[in-house]
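Undergrad: One file is attached below, my_file_37.pdb, containing PDB, C-alpha atoms and all ligand atoms.
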```pdb
MODEL        1
ATOM      1  CA  MET A   2      87.817 190.321  79.066
ATOM      2  CA  LYS A   3      86.085 187.818  76.772
ATOM      3  CA  ASN A   4      85.558 184.149  77.607
ATOM      4  CA  LYS A   5      88.574 181.874  77.901
ATOM      5  CA  ASP A   6      89.727 179.402  75.243
ATOM      6  CA  THR A   7      90.666 182.044  72.693
ATOM      7  CA  ILE A   8      92.615 180.237  69.971
ATOM      8  CA  ILE A   9      92.782 183.054  67.433
ATOM      9  CA  TYR A  10      92.860 186.804  68.036
ATOM     10  CA  GLU A  11      93.786 189.880  66.053
ATOM     11  CA  ALA A  12      95.815 192.980  66.823
ATOM     12  CA  HIS A  13      98.237 195.288  64.988
ATOM     13  CA  GLY A  14      97.009 193.987  61.627
ATOM     14  CA  ASN A  15      98.186 190.453  62.511
ATOM     15  CA  LEU A  16      96.371 187.267  63.381
ATOM     16  CA  TYR A  17      97.709 185.563  66.506
ATOM     17  CA  LEU A  18      97.465 181.896  67.444
ATOM     18  CA  ASN A  19      97.246 180.676  71.034
ATOM     19  CA  ILE A  20      97.725 176.903  70.838
ATOM     20  CA  THR A  21      99.000 176.061  74.331
ATOM     21  CA  ASN A  22      99.460 177.440  77.835
ATOM     22  CA  ARG A  23     102.390 175.121  78.521
ATOM     23  CA  CYS A  24     105.927 176.465  78.541
ATOM     24  CA  THR A  25     109.532 175.446  79.154
ATOM     25  CA  ALA A  26     110.186 178.556  81.243
ATOM     26  CA  ASP A  27     108.547 180.501  84.032
ATOM     27  CA  CYS A  28     109.463 184.115  83.346
ATOM     28  CA  VAL A  29     109.024 186.695  86.095
ATOM     29  CA  PHE A  30     107.412 189.004  83.524
ATOM     30  CA  CYS A  31     105.075 186.396  81.997
ATOM     31  CA  ILE A  32     101.654 187.800  81.314
ATOM     32  CA  LYS A  33     100.012 184.774  82.930
ATOM     33  CA  ARG A  34     101.315 185.973  86.303
ATOM     34  CA  TYR A  35      99.211 189.108  86.246
ATOM     35  CA  SER A  36      96.519 188.767  83.584
ATOM     36  CA  ASP A  37      94.267 186.313  81.763
ATOM     37  CA  GLY A  38      95.308 187.584  78.345
ATOM     38  CA  VAL A  39      95.954 190.549  76.075
ATOM     39  CA  TYR A  40      93.955 193.069  74.023
ATOM     40  CA  GLY A  41      90.757 192.013  75.817
ATOM     41  CA  TYR A  42      91.144 188.353  74.784
ATOM     42  CA  ASN A  43      91.237 185.682  77.467
ATOM     43  CA  LEU A  44      94.062 183.310  76.532
ATOM     44  CA  ARG A  45      93.517 180.767  79.296
ATOM     45  CA  LEU A  46      92.824 177.393  77.701
ATOM     46  CA  SER A  47      90.651 174.860  79.487
ATOM     47  CA  LYS A  48      92.094 172.341  77.003
ATOM     48  CA  GLU A  49      94.550 172.603  74.132
ATOM     49  CA  PRO A  50      92.805 172.944  70.764
ATOM     50  CA  SER A  51      93.308 170.064  68.348
ATOM     51  CA  LEU A  52      94.900 170.610  64.948
ATOM     52  CA  SER A  53      91.510 170.302  63.250
ATOM     53  CA  GLU A  54      89.928 172.820  65.642
ATOM     54  CA  ILE A  55      92.666 175.354  64.889
ATOM     55  CA  ILE A  56      92.409 174.797  61.117
ATOM     56  CA  LYS A  57      88.627 175.160  61.340
ATOM     57  CA  GLU A  58      88.956 178.536  63.081
ATOM     58  CA  LEU A  59      91.594 179.662  60.582
ATOM     59  CA  SER A  60      89.339 178.638  57.686
ATOM     60  CA  GLU A  61      86.676 181.009  58.976
ATOM     61  CA  GLN A  62      89.042 184.027  58.802
ATOM     62  CA  GLU A  63      89.698 186.277  55.850
ATOM     63  CA  LEU A  64      93.423 185.569  56.036
ATOM     64  CA  SER A  65      94.506 187.859  53.198
ATOM     65  CA  LYS A  66      93.647 190.969  55.206
ATOM     66  CA  TYR A  67      96.400 190.271  57.787
ATOM     67  CA  ASN A  68     100.113 191.109  57.524
ATOM     68  CA  GLU A  69     101.076 187.776  59.042
ATOM     69  CA  VAL A  70      99.861 184.893  61.166
ATOM     70  CA  VAL A  71     101.871 184.571  64.378
ATOM     71  CA  PHE A  72     102.325 181.613  66.714
ATOM     72  CA  THR A  73     102.433 183.293  70.110
ATOM     73  CA  GLY A  74      99.827 183.440  72.892
ATOM     74  CA  MET A  75     100.103 182.483  76.524
ATOM     75  CA  GLY A  76     102.576 179.621  76.236
ATOM     76  CA  GLU A  77     105.435 178.235  74.164
ATOM     77  CA  PRO A  78     104.183 177.117  70.721
ATOM     78  CA  LEU A  79     107.072 174.697  70.176
ATOM     79  CA  VAL A  80     105.864 172.346  72.901
ATOM     80  CA  ARG A  81     103.431 171.428  70.078
ATOM     81  CA  LEU A  82     105.984 171.337  67.274
ATOM     82  CA  ASP A  83     104.045 168.938  65.038
ATOM     83  CA  VAL A  84     100.918 171.079  65.253
ATOM     84  CA  VAL A  85     102.972 174.198  64.445
ATOM     85  CA  LEU A  86     104.423 172.444  61.385
ATOM     86  CA  GLU A  87     101.037 171.302  60.080
ATOM     87  CA  ILE A  88      99.421 174.730  60.504
ATOM     88  CA  SER A  89     102.394 176.434  58.930
ATOM     89  CA  LYS A  90     102.179 174.112  55.889
ATOM     90  CA  TRP A  91      98.444 174.841  55.626
ATOM     91  CA  LEU A  92      99.141 178.593  55.663
ATOM     92  CA  LYS A  93     102.057 178.283  53.226
ATOM     93  CA  ILE A  94      99.780 176.718  50.608
ATOM     94  CA  ARG A  95      97.537 179.799  50.971
ATOM     95  CA  GLY A  96     100.479 182.218  50.620
ATOM     96  CA  ILE A  97     100.174 183.633  54.155
ATOM     97  CA  PRO A  98     103.408 184.833  55.865
ATOM     98  CA  VAL A  99     103.965 183.069  59.187
ATOM     99  CA  ARG A 100     106.000 184.093  62.219
ATOM    100  CA  LEU A 101     106.866 181.994  65.237
ATOM    101  CA  ASP A 102     107.453 183.637  68.630
ATOM    102  CA  THR A 103     109.440 181.283  70.842
ATOM    103  CA  ILE A 104     111.586 181.061  73.961
ATOM    104  CA  GLY A 105     113.994 179.113  71.736
ATOM    105  CA  HIS A 106     114.424 175.845  73.657
ATOM    106  CA  ALA A 107     113.862 173.733  70.535
ATOM    107  CA  LYS A 108     117.217 171.928  70.716
ATOM    108  CA  LEU A 109     116.461 170.873  74.290
ATOM    109  CA  LEU A 110     112.873 169.869  73.618
ATOM    110  CA  TYR A 111     113.772 167.848  70.506
ATOM    111  CA  PRO A 112     117.475 166.932  70.637
ATOM    112  CA  GLU A 113     117.008 164.277  67.959
ATOM    113  CA  ARG A 114     115.331 166.596  65.416
ATOM    114  CA  ASP A 115     116.565 169.407  63.193
ATOM    115  CA  VAL A 116     113.815 171.803  64.241
ATOM    116  CA  SER A 117     114.992 174.872  62.338
ATOM    117  CA  VAL A 118     115.077 172.953  59.039
ATOM    118  CA  GLU A 119     111.628 171.507  59.735
ATOM    119  CA  LEU A 120     110.254 174.973  60.500
ATOM    120  CA  ALA A 121     111.787 176.480  57.380
ATOM    121  CA  ASP A 122     110.469 173.630  55.218
ATOM    122  CA  SER A 123     106.982 174.084  56.667
ATOM    123  CA  GLY A 124     106.944 177.702  55.461
ATOM    124  CA  ILE A 125     107.769 179.742  58.581
ATOM    125  CA  LYS A 126     109.194 183.049  57.386
ATOM    126  CA  THR A 127     110.320 184.675  60.634
ATOM    127  CA  VAL A 128     111.382 183.327  64.023
ATOM    128  CA  SER A 129     111.298 185.757  66.916
ATOM    129  CA  ILE A 130     113.295 184.425  69.863
ATOM    130  CA  SER A 131     112.986 185.783  73.392
ATOM    131  CA  LEU A 132     116.648 186.561  74.091
ATOM    132  CA  ASN A 133     115.532 188.143  77.363
ATOM    133  CA  ALA A 134     118.996 188.708  78.843
ATOM    134  CA  HIS A 135     122.606 189.609  78.096
ATOM    135  CA  ASN A 136     124.022 186.546  79.897
ATOM    136  CA  ALA A 137     123.051 183.135  81.222
ATOM    137  CA  ASN A 138     122.889 184.150  84.894
ATOM    138  CA  THR A 139     120.429 186.954  84.292
ATOM    139  CA  TYR A 140     118.494 184.726  81.897
ATOM    140  CA  ASN A 141     118.156 182.002  84.535
ATOM    141  CA  GLN A 142     117.014 184.512  87.148
ATOM    142  CA  LEU A 143     114.419 186.047  84.848
ATOM    143  CA  CYS A 144     113.165 182.983  83.005
ATOM    144  CA  ASP A 145     113.740 180.009  85.335
ATOM    145  CA  PRO A 146     114.085 177.637  82.342
ATOM    146  CA  ARG A 147     113.238 173.971  82.730
ATOM    147  CA  TYR A 148     116.662 172.995  81.311
ATOM    148  CA  ILE A 149     120.261 173.671  82.245
ATOM    149  CA  HIS A 150     122.307 175.495  79.584
ATOM    150  CA  ALA A 151     119.041 176.872  78.189
ATOM    151  CA  TYR A 152     120.595 180.250  77.341
ATOM    152  CA  GLU A 153     123.453 178.714  75.370
ATOM    153  CA  LYS A 154     121.125 176.298  73.576
ATOM    154  CA  MET A 155     118.738 179.134  72.741
ATOM    155  CA  LEU A 156     121.629 180.991  71.094
ATOM    156  CA  GLU A 157     122.608 177.830  69.181
ATOM    157  CA  PHE A 158     119.034 177.530  67.951
ATOM    158  CA  ALA A 159     119.165 181.173  66.831
ATOM    159  CA  LYS A 160     122.191 180.324  64.654
ATOM    160  CA  ASP A 161     120.291 177.379  63.183
ATOM    161  CA  VAL A 162     117.355 179.654  62.349
ATOM    162  CA  SER A 163     119.547 181.951  60.274
ATOM    163  CA  LYS A 164     121.331 179.022  58.601
ATOM    164  CA  SER A 165     117.956 177.595  57.610
ATOM    165  CA  GLY A 166     117.137 180.806  55.738
ATOM    166  CA  MET A 167     114.462 182.228  58.057
ATOM    167  CA  GLU A 168     114.496 185.790  59.322
ATOM    168  CA  LEU A 169     115.688 186.005  62.922
ATOM    169  CA  ARG A 170     114.507 188.460  65.536
ATOM    170  CA  PHE A 171     115.550 188.789  69.168
ATOM    171  CA  THR A 172     113.321 190.403  71.756
ATOM    172  CA  VAL A 173     114.021 191.563  75.291
ATOM    173  CA  VAL A 174     111.792 192.995  77.979
ATOM    174  CA  ASN A 175     112.746 196.425  79.213
ATOM    175  CA  LEU A 176     113.658 195.596  82.824
ATOM    176  CA  PRO A 177     116.364 197.252  84.963
ATOM    177  CA  VAL A 178     118.408 194.007  85.277
ATOM    178  CA  VAL A 179     118.619 193.620  81.496
ATOM    179  CA  ASP A 180     121.582 195.299  79.783
ATOM    180  CA  ILE A 181     119.777 196.418  76.645
ATOM    181  CA  ASP A 182     122.967 197.624  74.927
ATOM    182  CA  LYS A 183     124.667 194.244  75.385
ATOM    183  CA  CYS A 184     121.553 192.489  74.088
ATOM    184  CA  LYS A 185     121.564 194.787  71.082
ATOM    185  CA  LYS A 186     125.193 193.811  70.419
ATOM    186  CA  ILE A 187     124.296 190.122  70.588
ATOM    187  CA  ALA A 188     121.507 190.743  68.082
ATOM    188  CA  LYS A 189     123.997 192.490  65.793
ATOM    189  CA  GLU A 190     126.442 189.565  66.064
ATOM    190  CA  TYR A 191     123.659 187.208  65.025
ATOM    191  CA  CYS A 192     122.437 189.548  62.251
ATOM    192  CA  ALA A 193     119.045 189.554  63.954
ATOM    193  CA  ASP A 194     116.399 192.239  64.152
ATOM    194  CA  PHE A 195     116.026 193.527  67.673
ATOM    195  CA  LYS A 196     112.940 194.554  69.570
ATOM    196  CA  VAL A 197     112.591 195.856  73.112
ATOM    197  CA  ARG A 198     109.210 195.100  74.639
ATOM    198  CA  SER A 199     107.680 196.991  77.508
ATOM    199  CA  TYR A 200     106.923 195.018  80.680
ATOM    200  CA  SER A 201     103.159 195.430  80.379
ATOM    201  CA  ALA A 202     103.096 194.300  76.750
ATOM    202  CA  SER A 203     105.107 191.118  77.270
ATOM    203  CA  SER A 204     103.652 187.737  76.523
TER     204      SER A 204
HETATM  205  S1  LIG B 301     106.830 184.869  78.945
HETATM  206 FE1  LIG B 301     106.666 183.366  77.298
HETATM  207  S2  LIG B 301     108.471 182.076  77.601
HETATM  208 FE2  LIG B 301     108.185 183.189  79.519
HETATM  209  S3  LIG B 301     106.940 181.835  80.804
HETATM  210 FE3  LIG B 301     105.545 183.184  79.710
HETATM  211  S4  LIG B 301     104.957 182.041  77.897
HETATM  212 FE4  LIG B 301     106.790 181.086  78.693
ENDMDL
END
```
Mind converting the file's structure to structure tokens?
Ligand code: SF4

TA:
Amino acid sequence: MKNKDTIIYEAHGNLYLNITNRCTADCVFCIKRYSDGVYGYNLRLSKEPSLSEIIKELSEQELSKYNEVVFTGMGEPLVRLDVVLEISKWLKIRGIPVRLDTIGHAKLLYPERDVSVELADSGIKTVSISLNAHNANTYNQLCDPRYIHAYEKMLEFAKDVSKSGMELRFTVVNLPVVDIDKCKKIAKEYCADFKVRSYSASS
């Protein structure tokens, strides 16, 4: 595995951004429990990259060769909402599609802000939310969220995402305690795309 402090890495024709290791959950399947990163990239950050450091690294990439730029990595991007917004605006000007992968606790992190509208205005095209479970109890067991009512608030945020005109996707990890069919139904109710991730590929 390469050196730590990877901010940008590529895989599957996409360019991925790793802007923080902080998170509002502590999932049992989190990659940081059993690895330093993915695809041979070490995603441990000795310090969070500044906005200008991230933009500098992005400027050095040939962005047009990627399908999309994705906020993901080993942490929850929305703990740095203002950085996400600025990078997204920078990419929007250059016509690059942007996706955000999130645990979906935006309404709890920023109760006074309309995060989905801000994300849509910044140019985010797709929001992929880690649904992770078919009910709150299972969600709490698997994800140990920092907040109470995190599951319900995540679902409220998902509604906001669709209302704001962004594409919505739900993901779940294929674990025995997760009722995949029920999760699929929830995704249908929310008119969301649905993706099942394997345990080893989760991040
Ligand atoms: S899997 Fe994602 S949401 Fe869960 S603890 Fe890890 S970084 Fe946070």

Undergrad: Under the rule that only C-alpha atoms are counted, which of A:Ile130, A:Met2, A:Val178, A:Cys28 is the nearest residue to Lys196 (chain A)?

TA: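 Of A:Ile130, A:Met2, A:Val178, A:Cys28, the one nearest Lys196 (chain A), counting only C-alpha atoms, is A:Ile130.
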
Undergrad: Go through the shown structure with the PyMOL selection byres (((chain A and resi 116) around 12) and not hetatm) and write out the matching residues as a PyMOL selection string.

TA: chain A and resi 79-83+85-86+105-115+117-123+125+128+157-162+164-165

Undergrad: I need the residue nearest Cys31 (chain A) from this list: A:Met75, A:Leu156, A:Leu92, A:Val179. Use all atoms listed in the file for the distance.

TA: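 Smallest separation from Cys31 (chain A) among the options: A:Met75.
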
Undergrad: Quick one: residues within 6 Å of region 135-141 of chain A, all atoms listed in the file, excluding same-chain residues fewer than 5 positions away - as a PyMOL selection string?

TA: chain A and resi 152+183-184

Undergrad: What residues have any atom no more than 9 Å from ligand LIG 301 (chain B) when counting all atoms listed in the file, and can you list them as a PyMOL selection string?

TA: chain A and resi 22-34+73-78+102-105+131+143-146+203-204
